[in-house]
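Participant: Hey, dropping target_38.cif in here, mmCIF, N, CA and C atoms:
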```
data_input
#
loop_
_atom_site.label_atom_id
_atom_site.label_comp_id
_atom_site.auth_asym_id
_atom_site.auth_seq_id
_atom_site.Cartn_x
_atom_site.Cartn_y
_atom_site.Cartn_z
N MET A 1 -23.29 3.01 22.29
CA MET A 1 -22.88 2.10 21.24
C MET A 1 -21.74 2.76 20.43
N ALA A 2 -20.70 2.02 20.19
CA ALA A 2 -19.54 2.53 19.45
C ALA A 2 -19.79 2.47 17.94
N THR A 3 -19.24 3.43 17.25
CA THR A 3 -19.30 3.42 15.79
C THR A 3 -18.10 2.64 15.27
N GLN A 4 -18.02 2.49 13.98
CA GLN A 4 -16.87 1.80 13.38
C GLN A 4 -15.59 2.58 13.65
N VAL A 5 -15.69 3.86 13.83
CA VAL A 5 -14.50 4.67 14.13
C VAL A 5 -14.03 4.43 15.55
N THR A 6 -14.97 4.33 16.48
CA THR A 6 -14.59 4.25 17.89
C THR A 6 -14.61 2.85 18.49
N GLU A 7 -14.95 1.83 17.69
CA GLU A 7 -14.96 0.48 18.25
C GLU A 7 -13.56 0.02 18.65
N THR A 8 -12.54 0.58 18.01
CA THR A 8 -11.16 0.39 18.44
C THR A 8 -10.74 1.70 19.09
N LEU A 9 -10.28 1.63 20.30
CA LEU A 9 -9.93 2.84 21.03
C LEU A 9 -8.81 3.61 20.34
N ALA A 10 -8.90 4.92 20.37
CA ALA A 10 -7.84 5.78 19.83
C ALA A 10 -6.64 5.74 20.77
N ALA A 11 -5.48 5.89 20.20
CA ALA A 11 -4.26 5.95 21.01
C ALA A 11 -4.30 7.19 21.89
N GLY A 12 -3.60 7.13 23.00
CA GLY A 12 -3.50 8.29 23.88
C GLY A 12 -2.65 9.39 23.24
N PRO A 13 -2.72 10.59 23.76
CA PRO A 13 -1.99 11.71 23.17
C PRO A 13 -0.48 11.49 23.04
N GLU A 14 0.14 10.86 24.03
CA GLU A 14 1.59 10.64 23.96
C GLU A 14 1.95 9.68 22.84
N ALA A 15 1.19 8.60 22.73
CA ALA A 15 1.44 7.62 21.66
C ALA A 15 1.14 8.25 20.29
N ALA A 16 0.08 9.03 20.21
CA ALA A 16 -0.26 9.69 18.95
C ALA A 16 0.86 10.67 18.55
N LEU A 17 1.38 11.40 19.50
CA LEU A 17 2.47 12.34 19.21
C LEU A 17 3.69 11.60 18.67
N ARG A 18 4.09 10.51 19.32
CA ARG A 18 5.23 9.72 18.83
C ARG A 18 4.99 9.19 17.42
N HIS A 19 3.80 8.67 17.20
CA HIS A 19 3.45 8.09 15.90
C HIS A 19 3.51 9.14 14.79
N PHE A 20 2.83 10.26 14.98
CA PHE A 20 2.74 11.25 13.91
C PHE A 20 4.04 12.01 13.71
N GLU A 21 4.79 12.23 14.76
CA GLU A 21 6.12 12.83 14.58
C GLU A 21 7.03 11.88 13.80
N ALA A 22 6.94 10.60 14.10
CA ALA A 22 7.76 9.62 13.38
C ALA A 22 7.37 9.58 11.90
N ARG A 23 6.09 9.62 11.59
CA ARG A 23 5.66 9.60 10.19
C ARG A 23 6.24 10.77 9.41
N LEU A 24 6.29 11.94 10.03
CA LEU A 24 6.82 13.11 9.35
C LEU A 24 8.32 12.99 9.10
N GLY A 25 8.99 12.11 9.80
CA GLY A 25 10.39 11.84 9.54
C GLY A 25 10.60 10.97 8.30
N PHE A 26 9.54 10.32 7.85
CA PHE A 26 9.61 9.40 6.71
C PHE A 26 8.93 9.93 5.46
N GLU A 27 8.05 10.91 5.62
CA GLU A 27 7.29 11.37 4.46
C GLU A 27 7.06 12.87 4.50
N THR A 28 6.79 13.40 3.33
CA THR A 28 6.41 14.79 3.16
C THR A 28 5.28 14.78 2.13
N ASP A 29 4.62 15.91 1.97
CA ASP A 29 3.53 15.92 0.99
C ASP A 29 3.84 16.83 -0.18
N CYS A 30 3.00 16.76 -1.19
CA CYS A 30 3.22 17.50 -2.43
C CYS A 30 3.25 19.00 -2.19
N TRP A 31 2.39 19.49 -1.32
CA TRP A 31 2.35 20.92 -1.05
C TRP A 31 3.67 21.41 -0.45
N ASP A 32 4.21 20.68 0.50
CA ASP A 32 5.48 21.08 1.11
C ASP A 32 6.63 21.01 0.11
N VAL A 33 6.63 20.01 -0.75
CA VAL A 33 7.66 19.91 -1.79
C VAL A 33 7.53 21.08 -2.75
N TYR A 34 6.31 21.38 -3.18
CA TYR A 34 6.07 22.49 -4.09
C TYR A 34 6.61 23.80 -3.50
N ALA A 35 6.25 24.08 -2.26
CA ALA A 35 6.69 25.32 -1.61
C ALA A 35 8.21 25.34 -1.45
N SER A 36 8.79 24.21 -1.10
CA SER A 36 10.24 24.13 -0.89
C SER A 36 11.01 24.24 -2.19
N MET A 37 10.45 23.73 -3.28
CA MET A 37 11.14 23.80 -4.57
C MET A 37 11.26 25.24 -5.06
N LYS A 38 10.44 26.14 -4.55
CA LYS A 38 10.53 27.56 -4.91
C LYS A 38 11.72 28.24 -4.23
N SER A 39 12.25 27.62 -3.19
CA SER A 39 13.35 28.20 -2.42
C SER A 39 14.64 28.19 -3.21
N GLN A 40 15.42 29.23 -3.04
CA GLN A 40 16.74 29.30 -3.67
C GLN A 40 17.72 28.36 -2.96
N ASP A 41 17.46 28.04 -1.74
CA ASP A 41 18.36 27.22 -0.93
C ASP A 41 17.71 25.86 -0.67
N ARG A 42 17.60 25.05 -1.71
CA ARG A 42 16.98 23.73 -1.56
C ARG A 42 17.87 22.84 -0.71
N ASP A 43 17.25 22.11 0.19
CA ASP A 43 18.00 21.25 1.09
C ASP A 43 17.70 19.76 0.86
N PHE A 44 17.25 19.44 -0.34
CA PHE A 44 16.97 18.05 -0.70
C PHE A 44 17.06 17.91 -2.21
N VAL A 45 17.16 16.66 -2.66
CA VAL A 45 17.11 16.33 -4.09
C VAL A 45 15.79 15.60 -4.32
N LEU A 46 14.99 16.11 -5.24
CA LEU A 46 13.73 15.47 -5.59
C LEU A 46 14.00 14.42 -6.66
N LEU A 47 13.67 13.19 -6.36
CA LEU A 47 14.04 12.06 -7.20
C LEU A 47 12.80 11.31 -7.68
N ASP A 48 12.57 11.37 -8.98
CA ASP A 48 11.51 10.60 -9.62
C ASP A 48 12.09 9.22 -9.90
N VAL A 49 11.49 8.19 -9.34
CA VAL A 49 12.07 6.84 -9.41
C VAL A 49 11.34 5.94 -10.39
N ARG A 50 10.50 6.53 -11.24
CA ARG A 50 9.82 5.77 -12.29
C ARG A 50 10.79 5.54 -13.45
N GLY A 51 10.36 4.79 -14.42
CA GLY A 51 11.18 4.54 -15.60
C GLY A 51 11.40 5.81 -16.40
N ALA A 52 12.43 5.79 -17.24
CA ALA A 52 12.81 6.96 -18.03
C ALA A 52 11.68 7.40 -18.97
N GLU A 53 10.93 6.47 -19.52
CA GLU A 53 9.84 6.82 -20.43
C GLU A 53 8.74 7.59 -19.71
N ALA A 54 8.35 7.12 -18.53
CA ALA A 54 7.32 7.82 -17.75
C ALA A 54 7.81 9.21 -17.34
N PHE A 55 9.09 9.30 -16.93
CA PHE A 55 9.67 10.59 -16.55
C PHE A 55 9.65 11.55 -17.74
N ALA A 56 10.06 11.07 -18.91
CA ALA A 56 10.11 11.93 -20.10
C ALA A 56 8.73 12.45 -20.47
N LYS A 57 7.72 11.63 -20.25
CA LYS A 57 6.36 12.03 -20.60
C LYS A 57 5.87 13.15 -19.68
N ALA A 58 6.06 13.01 -18.37
CA ALA A 58 5.60 14.03 -17.42
C ALA A 58 6.19 13.75 -16.05
N HIS A 59 6.69 14.79 -15.41
CA HIS A 59 7.27 14.67 -14.07
C HIS A 59 7.15 15.99 -13.32
N VAL A 60 7.47 15.95 -12.04
CA VAL A 60 7.43 17.15 -11.20
C VAL A 60 8.60 18.06 -11.61
N PRO A 61 8.34 19.33 -11.88
CA PRO A 61 9.41 20.25 -12.26
C PRO A 61 10.53 20.27 -11.20
N GLY A 62 11.76 20.19 -11.68
CA GLY A 62 12.92 20.20 -10.79
C GLY A 62 13.38 18.85 -10.33
N ALA A 63 12.60 17.81 -10.66
CA ALA A 63 13.00 16.46 -10.27
C ALA A 63 14.06 15.93 -11.22
N ILE A 64 14.87 15.03 -10.72
CA ILE A 64 15.78 14.26 -11.55
C ILE A 64 15.25 12.83 -11.58
N ASN A 65 15.69 12.07 -12.55
CA ASN A 65 15.17 10.72 -12.72
C ASN A 65 16.27 9.69 -12.57
N ILE A 66 16.10 8.84 -11.58
CA ILE A 66 16.89 7.63 -11.46
C ILE A 66 15.90 6.53 -11.09
N PRO A 67 15.56 5.66 -12.04
CA PRO A 67 14.61 4.58 -11.73
C PRO A 67 15.08 3.78 -10.51
N HIS A 68 14.14 3.37 -9.69
CA HIS A 68 14.50 2.71 -8.43
C HIS A 68 15.42 1.52 -8.63
N ARG A 69 15.27 0.80 -9.74
CA ARG A 69 16.13 -0.36 -9.99
C ARG A 69 17.57 0.03 -10.30
N SER A 70 17.78 1.30 -10.67
CA SER A 70 19.12 1.79 -11.06
C SER A 70 19.86 2.47 -9.92
N ILE A 71 19.24 2.58 -8.77
CA ILE A 71 19.88 3.26 -7.66
C ILE A 71 21.04 2.41 -7.14
N SER A 72 22.23 3.00 -7.15
CA SER A 72 23.42 2.31 -6.66
C SER A 72 24.39 3.35 -6.12
N LYS A 73 25.37 2.90 -5.37
CA LYS A 73 26.39 3.80 -4.83
C LYS A 73 27.10 4.53 -5.97
N GLU A 74 27.41 3.81 -7.04
CA GLU A 74 28.10 4.41 -8.17
C GLU A 74 27.23 5.48 -8.83
N ARG A 75 25.97 5.19 -8.96
CA ARG A 75 25.04 6.13 -9.60
C ARG A 75 24.88 7.41 -8.78
N LEU A 76 25.06 7.30 -7.47
CA LEU A 76 24.85 8.45 -6.58
C LEU A 76 26.17 9.08 -6.12
N ALA A 77 27.27 8.71 -6.76
CA ALA A 77 28.60 9.16 -6.33
C ALA A 77 28.73 10.67 -6.30
N GLN A 78 27.97 11.38 -7.13
CA GLN A 78 28.07 12.83 -7.18
C GLN A 78 27.41 13.53 -6.00
N PHE A 79 26.68 12.78 -5.18
CA PHE A 79 25.97 13.36 -4.05
C PHE A 79 26.74 13.14 -2.75
N SER A 80 26.67 14.12 -1.89
CA SER A 80 27.25 14.02 -0.56
C SER A 80 26.54 12.93 0.23
N ASP A 81 27.25 12.33 1.18
CA ASP A 81 26.63 11.34 2.06
C ASP A 81 25.52 11.96 2.91
N HIS A 82 25.49 13.27 2.99
CA HIS A 82 24.50 13.98 3.82
C HIS A 82 23.29 14.44 3.03
N THR A 83 23.22 14.07 1.75
CA THR A 83 22.10 14.46 0.91
C THR A 83 20.81 13.83 1.39
N LEU A 84 19.77 14.63 1.44
CA LEU A 84 18.42 14.13 1.69
C LEU A 84 17.74 13.97 0.34
N PHE A 85 17.26 12.77 0.07
CA PHE A 85 16.49 12.51 -1.14
C PHE A 85 15.01 12.46 -0.79
N VAL A 86 14.20 13.11 -1.61
CA VAL A 86 12.74 12.98 -1.52
C VAL A 86 12.32 12.23 -2.77
N VAL A 87 11.75 11.06 -2.58
CA VAL A 87 11.43 10.17 -3.69
C VAL A 87 9.94 10.14 -3.95
N TYR A 88 9.61 9.95 -5.23
CA TYR A 88 8.20 9.75 -5.58
C TYR A 88 8.11 8.85 -6.79
N CYS A 89 6.92 8.27 -6.97
CA CYS A 89 6.63 7.47 -8.14
C CYS A 89 5.27 7.90 -8.68
N ALA A 90 4.53 7.00 -9.28
CA ALA A 90 3.28 7.36 -9.95
C ALA A 90 2.20 7.84 -8.98
N GLY A 91 2.09 7.19 -7.84
CA GLY A 91 1.04 7.57 -6.90
C GLY A 91 0.85 6.52 -5.83
N PRO A 92 -0.23 6.63 -5.10
CA PRO A 92 -0.47 5.71 -3.98
C PRO A 92 -0.60 4.25 -4.40
N HIS A 93 -0.87 4.01 -5.67
CA HIS A 93 -1.02 2.64 -6.17
C HIS A 93 0.32 2.02 -6.56
N CYS A 94 1.42 2.76 -6.38
CA CYS A 94 2.75 2.34 -6.83
C CYS A 94 3.69 2.25 -5.63
N ASN A 95 4.49 1.20 -5.54
CA ASN A 95 5.43 1.09 -4.42
C ASN A 95 6.87 1.35 -4.84
N GLY A 96 7.07 1.94 -6.01
CA GLY A 96 8.41 2.26 -6.47
C GLY A 96 9.14 3.21 -5.54
N ALA A 97 8.42 4.16 -4.96
CA ALA A 97 9.05 5.10 -4.03
C ALA A 97 9.54 4.37 -2.78
N ASN A 98 8.77 3.39 -2.33
CA ASN A 98 9.20 2.60 -1.17
C ASN A 98 10.43 1.78 -1.49
N LYS A 99 10.46 1.18 -2.68
CA LYS A 99 11.63 0.41 -3.09
C LYS A 99 12.86 1.30 -3.19
N ALA A 100 12.68 2.50 -3.74
CA ALA A 100 13.79 3.46 -3.83
C ALA A 100 14.26 3.88 -2.45
N ALA A 101 13.33 4.13 -1.54
CA ALA A 101 13.69 4.54 -0.19
C ALA A 101 14.50 3.46 0.51
N VAL A 102 14.13 2.21 0.31
CA VAL A 102 14.89 1.10 0.90
C VAL A 102 16.31 1.10 0.35
N ARG A 103 16.45 1.22 -0.95
CA ARG A 103 17.79 1.22 -1.57
C ARG A 103 18.63 2.39 -1.06
N LEU A 104 18.03 3.57 -1.02
CA LEU A 104 18.76 4.75 -0.55
C LEU A 104 19.19 4.60 0.91
N ALA A 105 18.29 4.13 1.74
CA ALA A 105 18.62 3.94 3.16
C ALA A 105 19.72 2.89 3.33
N ARG A 106 19.66 1.82 2.56
CA ARG A 106 20.71 0.80 2.63
C ARG A 106 22.07 1.36 2.22
N LEU A 107 22.06 2.37 1.34
CA LEU A 107 23.30 3.00 0.91
C LEU A 107 23.76 4.10 1.88
N GLY A 108 22.98 4.33 2.92
CA GLY A 108 23.37 5.29 3.95
C GLY A 108 22.84 6.69 3.76
N TYR A 109 21.90 6.88 2.83
CA TYR A 109 21.33 8.20 2.59
C TYR A 109 20.06 8.42 3.41
N ARG A 110 19.82 9.68 3.73
CA ARG A 110 18.55 10.06 4.34
C ARG A 110 17.52 10.15 3.22
N VAL A 111 16.28 9.76 3.53
CA VAL A 111 15.26 9.72 2.49
C VAL A 111 13.88 9.94 3.09
N LYS A 112 13.05 10.66 2.33
CA LYS A 112 11.64 10.82 2.64
C LYS A 112 10.86 10.50 1.37
N GLU A 113 9.63 10.05 1.54
CA GLU A 113 8.75 9.81 0.42
C GLU A 113 7.81 11.00 0.25
N MET A 114 7.63 11.46 -0.99
CA MET A 114 6.60 12.46 -1.27
C MET A 114 5.31 11.68 -1.47
N ILE A 115 4.47 11.67 -0.44
CA ILE A 115 3.24 10.88 -0.51
C ILE A 115 2.33 11.43 -1.62
N GLY A 116 1.70 10.51 -2.31
CA GLY A 116 0.80 10.86 -3.40
C GLY A 116 1.44 10.77 -4.76
N GLY A 117 2.76 10.98 -4.82
CA GLY A 117 3.48 10.89 -6.09
C GLY A 117 2.91 11.83 -7.15
N VAL A 118 3.00 11.42 -8.40
CA VAL A 118 2.51 12.22 -9.52
C VAL A 118 1.01 12.48 -9.36
N THR A 119 0.28 11.47 -8.95
CA THR A 119 -1.17 11.62 -8.76
C THR A 119 -1.48 12.69 -7.72
N GLY A 120 -0.78 12.65 -6.60
CA GLY A 120 -0.98 13.65 -5.56
C GLY A 120 -0.61 15.04 -6.02
N TRP A 121 0.48 15.13 -6.79
CA TRP A 121 0.93 16.42 -7.34
C TRP A 121 -0.18 17.03 -8.20
N GLN A 122 -0.75 16.22 -9.07
CA GLN A 122 -1.82 16.70 -9.94
C GLN A 122 -3.09 17.01 -9.14
N ASP A 123 -3.38 16.19 -8.12
CA ASP A 123 -4.55 16.45 -7.28
C ASP A 123 -4.47 17.81 -6.60
N GLU A 124 -3.25 18.25 -6.29
CA GLU A 124 -3.07 19.57 -5.67
C GLU A 124 -3.19 20.70 -6.69
N GLY A 125 -3.27 20.36 -7.98
CA GLY A 125 -3.39 21.36 -9.03
C GLY A 125 -2.07 21.87 -9.54
N PHE A 126 -0.98 21.19 -9.20
CA PHE A 126 0.35 21.60 -9.65
C PHE A 126 0.63 21.01 -11.03
N ALA A 127 1.34 21.79 -11.85
CA ALA A 127 1.65 21.36 -13.21
C ALA A 127 2.82 20.39 -13.23
N LEU A 128 2.80 19.52 -14.21
CA LEU A 128 3.92 18.64 -14.51
C LEU A 128 4.63 19.21 -15.72
N GLU A 129 5.84 18.73 -15.97
CA GLU A 129 6.55 19.11 -17.19
C GLU A 129 7.05 17.86 -17.88
N SER A 130 7.36 17.98 -19.17
CA SER A 130 7.92 16.85 -19.90
C SER A 130 9.44 17.00 -19.91
N ALA A 131 10.13 15.96 -20.33
CA ALA A 131 11.59 16.03 -20.42
C ALA A 131 12.01 17.11 -21.40
N ARG A 132 11.25 17.28 -22.45
CA ARG A 132 11.56 18.33 -23.43
C ARG A 132 11.45 19.70 -22.77
N ASP A 133 10.41 19.89 -21.93
CA ASP A 133 10.24 21.15 -21.21
C ASP A 133 11.40 21.40 -20.26
N ALA A 134 11.90 20.34 -19.67
CA ALA A 134 12.94 20.45 -18.65
C ALA A 134 14.35 20.44 -19.23
N GLY A 135 14.46 20.44 -20.55
CA GLY A 135 15.79 20.42 -21.15
C GLY A 135 16.47 19.08 -21.00
N GLN A 136 15.67 18.01 -21.05
CA GLN A 136 16.20 16.65 -21.00
C GLN A 136 17.01 16.38 -19.72
N ARG A 137 16.42 16.64 -18.56
CA ARG A 137 17.09 16.38 -17.28
C ARG A 137 17.08 14.91 -16.90
N SER A 138 16.44 14.07 -17.67
CA SER A 138 16.31 12.67 -17.33
C SER A 138 17.66 12.04 -17.01
N GLU A 139 17.72 11.49 -15.81
CA GLU A 139 18.91 10.79 -15.29
C GLU A 139 20.15 11.66 -15.22
N THR A 140 19.97 12.99 -15.20
CA THR A 140 21.08 13.90 -15.03
C THR A 140 20.84 14.65 -13.74
N ALA A 141 21.78 14.59 -12.84
CA ALA A 141 21.60 15.21 -11.53
C ALA A 141 22.46 16.46 -11.40
N VAL A 142 21.97 17.36 -10.62
CA VAL A 142 22.74 18.56 -10.27
C VAL A 142 23.58 18.22 -9.06
N THR A 143 24.85 18.52 -9.09
CA THR A 143 25.74 18.20 -7.97
C THR A 143 25.32 18.99 -6.75
N ARG A 144 25.25 18.32 -5.63
CA ARG A 144 24.87 18.96 -4.36
C ARG A 144 26.10 19.06 -3.49
#
```
Show the structure stored in the file as structure tokens.
Facilitator:
Amino acid sequence: MATQVTETLAAGPEAALRHFEARLGFETDCWDVYASMKSQDRDFVLLDVRGAEAFAKAHVPGAINIPHRSISKERLAQFSDHTLFVVYCAGPHCNGANKAAVRLARLGYRVKEMIGGVTGWQDEGFALESARDAGQRSETAVTR
């Protein structure tokens, strides 16, 4: 007798490999972002796509803030066309990161979602900072 897990057959190894490799092309997790943010040679821009008020209250250290509704070619003019953006929002209950990813991809940028967002970051035990802590980085980007 099959359980609820096995009543639908699992994909074969080749299909599973394609699926999970493809997912990693679209997303990263909080732990990998945390470890990568410690690097002197960052190869992505961490983008908090929530509103300015939420960003000012608490955000991932090193992130810049451009609300997903404000993403435009003009707004991103300081970034190279080869910039990889890692986007996040409040958490799994929020689709702002998905909306931002769509906008970025339509503008020709590479993009990954940091799954879990702020909620995932906190679940991993990582600290957030406020805009005051970060020296008011809200909506100010470092040129890449």
Participant: Once the PyMOL selection byres (((chain A and resi 45 and name CA) around 10) and name CA) has been applied to the shown file, what residues remain in the selection, as a list in words?
Facilitator: Met37, Arg42, Asp43, Phe44, Leu46, Leu47, Asp48, Gly62, Ala63, Ile64, Phe79, Thr83, Leu84, Phe85, Val86, Val87, Val111, Ala141, Val142, Thr143 and Arg144 of chain A
Participant: What parts of chain A does DSSP call strand (DSSP E)? I'd like the answer as a VMD selection string.
Facilitator: chain A and resid 27 to 29 45 to 48 64 to 65 84 to 88 110 to 115
Participant: Assuming the chain letters and numbering stay as they are in my file, what does the PyMOL selection byres ((chain A and resi 51-54) around 8) actually select? List them as a list in words.
Facilitator: Asp48, Val49, Arg50, Phe55, Ala56, Lys57, Ala58, His59, Asn65, Ile66, Pro67, His68, Arg69, Cys89, Ala131, Ser138 and Glu139 of chain A
Participant: Which parts of segment 41-111 of chain A does DSSP call helix (DSSP H, G or I) when run on the backbone here, written out as a list in words?
Facilitator: Ala52, Glu53, Ala54, Phe55, Ala56, Lys57, His68, Arg69, Ser70, Gly96, Ala97, Asn98, Lys99, Ala100, Ala101, Val102, Arg103, Leu104, Ala105 and Arg106 of chain A
Participant: Between atom N of Glu129 of chain A and atom N of Val60 of chain A, measure the distance and give it in Å to one decimal.
Facilitator: 5.1 Å
Participant: Mind giving me the straight-line distance from atom C of Gly125 of chain A to atom C of Glu27 of chain A in Å, one decimal?
Facilitator: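 Rounded to one decimal, the two atoms are 19.0 Å apart.
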Participant: Take atom C of Asp41 of chain A and atom CA of Ser70 of chain A and report the distance between them in Å, one decimal.
Facilitator: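 So the answer is 26.3 Å.
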